[in-house]
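Read through the structure below, which is laid out as structure tokens, and then see the notes.
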Amino acid sequence: MSEIVKQYIKNKHKKPGNVYLGVAHRLDRPTSGIVVFAKTSKALPRLNKLFAEKKAQKTYWAVVKELPEKNEATLVHWLKRNPKQNKSYAYTKEIPESKKAILDYEVLKKLDSYYLLKIDLKTGRHHQIRSQLSYIDCPIKGDLKYGFNRSNKDGSIHLHARSLSFIHPVKKELINFVAPPPDDSIWNACC
């Protein structure tokens, strides 16, 4: 994706030579939605600081098969990453080398066979949403790694970075991005 964006910037701004591009906000490979790039080396640390200080509001949508116990709740777990499996495990109590993970969820819609959840991240941990929803027996559609019973045909999962808001680090204006979900029958039923 970085190479595509670099080429876009090069063509749009008719830039000679190499184009700088820094990744400020990325997604897990099977996830869709908003990513944020910095076009200058000066902007990247400013954006990184904004995310590190949790001054950005991230909202995700997730499609799950099971209805959570509550229509809305805050989930608090301690996640421990297993690098060999590229997976994080959720625990209800702190364990060695775990990191606290917090998210709020709300059931937005009942579909024919699934439920659409809105997720507001309070922390940003490795596979946080996937791990925490799996822990409450609500794995994301298509997410075999975290307990869904079958994969999606295209290898994606039904987790979408829906919106991102923050105050621009230089202009001091509110920036709000909203990404439409991919075009498939389940996502289309959500909109």
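In the structure tokens, chains take the letters A, B, ... in the order shown, each chain's residues start at 1, and ligands count up from 1 in the order shown.
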
Shell of 7 Å around region 56-73 of chain A, only C-alpha atoms, local chain residues under 3 positions omitted, as a list in words: Leu50, Phe51, Asp104, Tyr105, Glu106, Val107, Ser113, Tyr114, Tyr115, Leu116, Leu117, Lys118, Ile119, Asp120, Leu121, Cys138, Pro139, Ile140, Lys141, His158, Leu159, His160, Ala161, Arg162, Ser163, Leu164, Ser165 and Phe166 of chain A

Could you dump the residues just selected with N, CA and C atoms as a short mmCIF file (atom, residue, chain, number, x, y, z; two decimals), in the first residue's frame?
data_model
loop_
_atom_site.label_atom_id
_atom_site.label_comp_id
_atom_site.auth_asym_id
_atom_site.auth_seq_id
_atom_site.Cartn_x
_atom_site.Cartn_y
_atom_site.Cartn_z
N LEU A 50 0.59 12.10 18.65
CA LEU A 50 -0.86 12.21 18.79
C LEU A 50 -1.49 10.84 19.10
N PHE A 51 -1.06 9.81 18.38
CA PHE A 51 -1.59 8.46 18.63
C PHE A 51 -1.08 7.91 19.96
N ASP A 104 -14.74 -0.03 24.39
CA ASP A 104 -16.19 0.04 24.58
C ASP A 104 -16.83 -0.54 23.33
N TYR A 105 -17.89 -1.31 23.51
CA TYR A 105 -18.63 -1.77 22.34
C TYR A 105 -20.11 -1.48 22.53
N GLU A 106 -20.81 -1.44 21.39
CA GLU A 106 -22.26 -1.24 21.38
C GLU A 106 -22.82 -2.03 20.20
N VAL A 107 -23.92 -2.76 20.43
CA VAL A 107 -24.59 -3.46 19.33
C VAL A 107 -25.35 -2.40 18.53
N SER A 113 -28.21 -13.10 10.16
CA SER A 113 -27.49 -14.13 10.93
C SER A 113 -26.36 -13.57 11.77
N TYR A 114 -26.18 -12.25 11.78
CA TYR A 114 -25.04 -11.65 12.45
C TYR A 114 -25.47 -10.39 13.20
N TYR A 115 -24.49 -9.82 13.93
CA TYR A 115 -24.71 -8.58 14.65
C TYR A 115 -23.58 -7.62 14.31
N LEU A 116 -23.92 -6.35 14.13
CA LEU A 116 -22.94 -5.31 13.87
C LEU A 116 -22.63 -4.60 15.19
N LEU A 117 -21.34 -4.58 15.55
CA LEU A 117 -20.90 -3.90 16.75
C LEU A 117 -20.09 -2.66 16.38
N LYS A 118 -20.27 -1.60 17.16
CA LYS A 118 -19.41 -0.42 17.08
C LYS A 118 -18.42 -0.52 18.22
N ILE A 119 -17.15 -0.32 17.92
CA ILE A 119 -16.10 -0.46 18.92
C ILE A 119 -15.31 0.83 19.00
N ASP A 120 -15.19 1.36 20.21
CA ASP A 120 -14.34 2.53 20.45
C ASP A 120 -13.15 2.05 21.27
N LEU A 121 -11.97 2.17 20.68
CA LEU A 121 -10.75 1.73 21.36
C LEU A 121 -10.28 2.78 22.36
N CYS A 138 -17.52 -13.91 21.05
CA CYS A 138 -18.06 -13.19 19.90
C CYS A 138 -16.96 -12.97 18.86
N PRO A 139 -16.35 -14.06 18.35
CA PRO A 139 -15.30 -13.85 17.35
C PRO A 139 -15.86 -13.17 16.10
N ILE A 140 -14.99 -12.44 15.44
CA ILE A 140 -15.36 -11.68 14.24
C ILE A 140 -15.52 -12.61 13.05
N LYS A 141 -16.53 -12.34 12.23
CA LYS A 141 -16.81 -13.17 11.06
C LYS A 141 -15.54 -13.30 10.20
N HIS A 158 -14.37 -9.53 9.02
CA HIS A 158 -15.34 -8.43 9.06
C HIS A 158 -15.05 -7.49 10.24
N LEU A 159 -13.87 -6.86 10.16
CA LEU A 159 -13.45 -5.82 11.09
C LEU A 159 -13.03 -4.64 10.23
N HIS A 160 -13.60 -3.47 10.52
CA HIS A 160 -13.43 -2.30 9.65
C HIS A 160 -13.13 -1.06 10.49
N ALA A 161 -12.03 -0.40 10.19
CA ALA A 161 -11.69 0.88 10.84
C ALA A 161 -12.60 1.94 10.23
N ARG A 162 -13.72 2.20 10.89
CA ARG A 162 -14.79 3.04 10.34
C ARG A 162 -14.47 4.53 10.36
N SER A 163 -14.00 5.04 11.51
CA SER A 163 -13.74 6.48 11.56
C SER A 163 -12.54 6.78 12.45
N LEU A 164 -11.97 7.94 12.19
CA LEU A 164 -10.81 8.41 12.94
C LEU A 164 -10.91 9.93 13.01
N SER A 165 -10.81 10.47 14.23
CA SER A 165 -10.87 11.92 14.44
C SER A 165 -9.72 12.37 15.31
N PHE A 166 -9.15 13.52 14.97
CA PHE A 166 -8.10 14.11 15.80
C PHE A 166 -7.93 15.57 15.41
#

Close residues, Lys99 (chain A) itself excluded, 10 Å, only C-alpha atoms, min 4 positions apart in chain, as a list in words: His77, Trp78, Leu79, Lys80, Arg81, Ala90, Tyr91, Glu94, Ile95, Thr123, Arg125 and His126 of chain A

Write the residues of the selection above to a file with C-alpha atoms, as a CSV table (one decimal), in the first residue's frame.
chain,number,residue,atom,x,y,z
A,77,HIS,CA,-8.5,-7.4,29.8
A,78,TRP,CA,-4.8,-7.9,30.0
A,79,LEU,CA,-3.4,-9.1,26.6
A,80,LYS,CA,-0.3,-11.2,26.3
A,81,ARG,CA,1.2,-11.4,22.8
A,90,ALA,CA,-6.8,-12.1,26.8
A,91,TYR,CA,-6.8,-12.6,30.5
A,94,GLU,CA,-2.8,-9.1,35.0
A,95,ILE,CA,-0.1,-11.7,34.2
A,123,THR,CA,-6.0,1.5,24.1
A,125,ARG,CA,-2.9,-3.3,21.6
A,126,HIS,CA,-1.8,-6.0,19.2

Nearest-residue call for Ser151 (chain A), choices A:Ser41, A:Ile9, A:Ala52, A:Pro30, using only C-alpha atoms: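 Nearest to Ser151 (chain A): A:Pro30.
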
Picked from chain A by DSSP as strand (DSSP E), as a ChimeraX atom specification: /A:22-25,32-33,36-38,57-64,72-82,87-91,99-110,115-121,159-167,174-178

Shell of 7 Å around region 167-180 of chain A, only C-alpha atoms, local chain residues under 5 positions omitted, as a list in words: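 Close residues of region 167-180 of chain A: Gly33, Ile34, Arg46 and Arg162 of chain A.
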
Selected residue of minimal separation from Lys145 (chain A) among A:Lys100, A:Val19, A:Lys110, A:Tyr89, counting only C-alpha atoms: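 Closest residue, counting only C-alpha atoms: A:Tyr89.
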
Alpha helix (DSSP H) per DSSP on the backbone: members of region 44-130 of chain A, as a ChimeraX atom specification: /A:44-52,128-130

Gap from CA of Arg26 (chain A) to CA of Lys55 (chain A) - Å, one decimal: 16.2 Å

All residues 9 Å or closer to Leu44 (chain A), only C-alpha atoms, same chain fewer than 3 positions away omitted, as an NGL selection string: :A and (21-24 or 37-41 or 47-49)

Output for the residues just chosen: C-alpha atoms as an mmCIF file, in the first residue's frame:
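Here's the written file selection.cif:
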data_model
loop_
_atom_site.group_PDB
_atom_site.id
_atom_site.type_symbol
_atom_site.label_atom_id
_atom_site.label_comp_id
_atom_site.auth_asym_id
_atom_site.auth_seq_id
_atom_site.Cartn_x
_atom_site.Cartn_y
_atom_site.Cartn_z
ATOM 1 C CA LEU A 21 5.988 8.491 3.246
ATOM 2 C CA GLY A 22 5.699 7.468 6.888
ATOM 3 C CA VAL A 23 3.067 5.142 8.332
ATOM 4 C CA ALA A 24 1.283 6.773 11.273
ATOM 5 C CA PHE A 37 0.320 8.219 6.230
ATOM 6 C CA ALA A 38 2.588 11.213 6.797
ATOM 7 C CA LYS A 39 3.859 12.987 3.679
ATOM 8 C CA THR A 40 6.795 14.612 5.486
ATOM 9 C CA SER A 41 9.401 13.499 7.997
ATOM 10 C CA LEU A 47 1.213 12.141 14.248
ATOM 11 C CA ASN A 48 2.954 9.370 16.190
ATOM 12 C CA LYS A 49 2.842 11.529 19.326
#

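Distance-wise, CA of Lys14 (chain A) and CA of Ser2 (chain A) end up 17.5 Å apart.
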
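Taking CA of Gln7 (chain A) and CA of Gly124 (chain A) as endpoints, the distance between them is 29.4 Å.
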
Best match for closeness to Asp154 (chain A) among A:Gly142, A:Pro83, A:Gln128, A:His25, counting only C-alpha atoms: A:Gly142
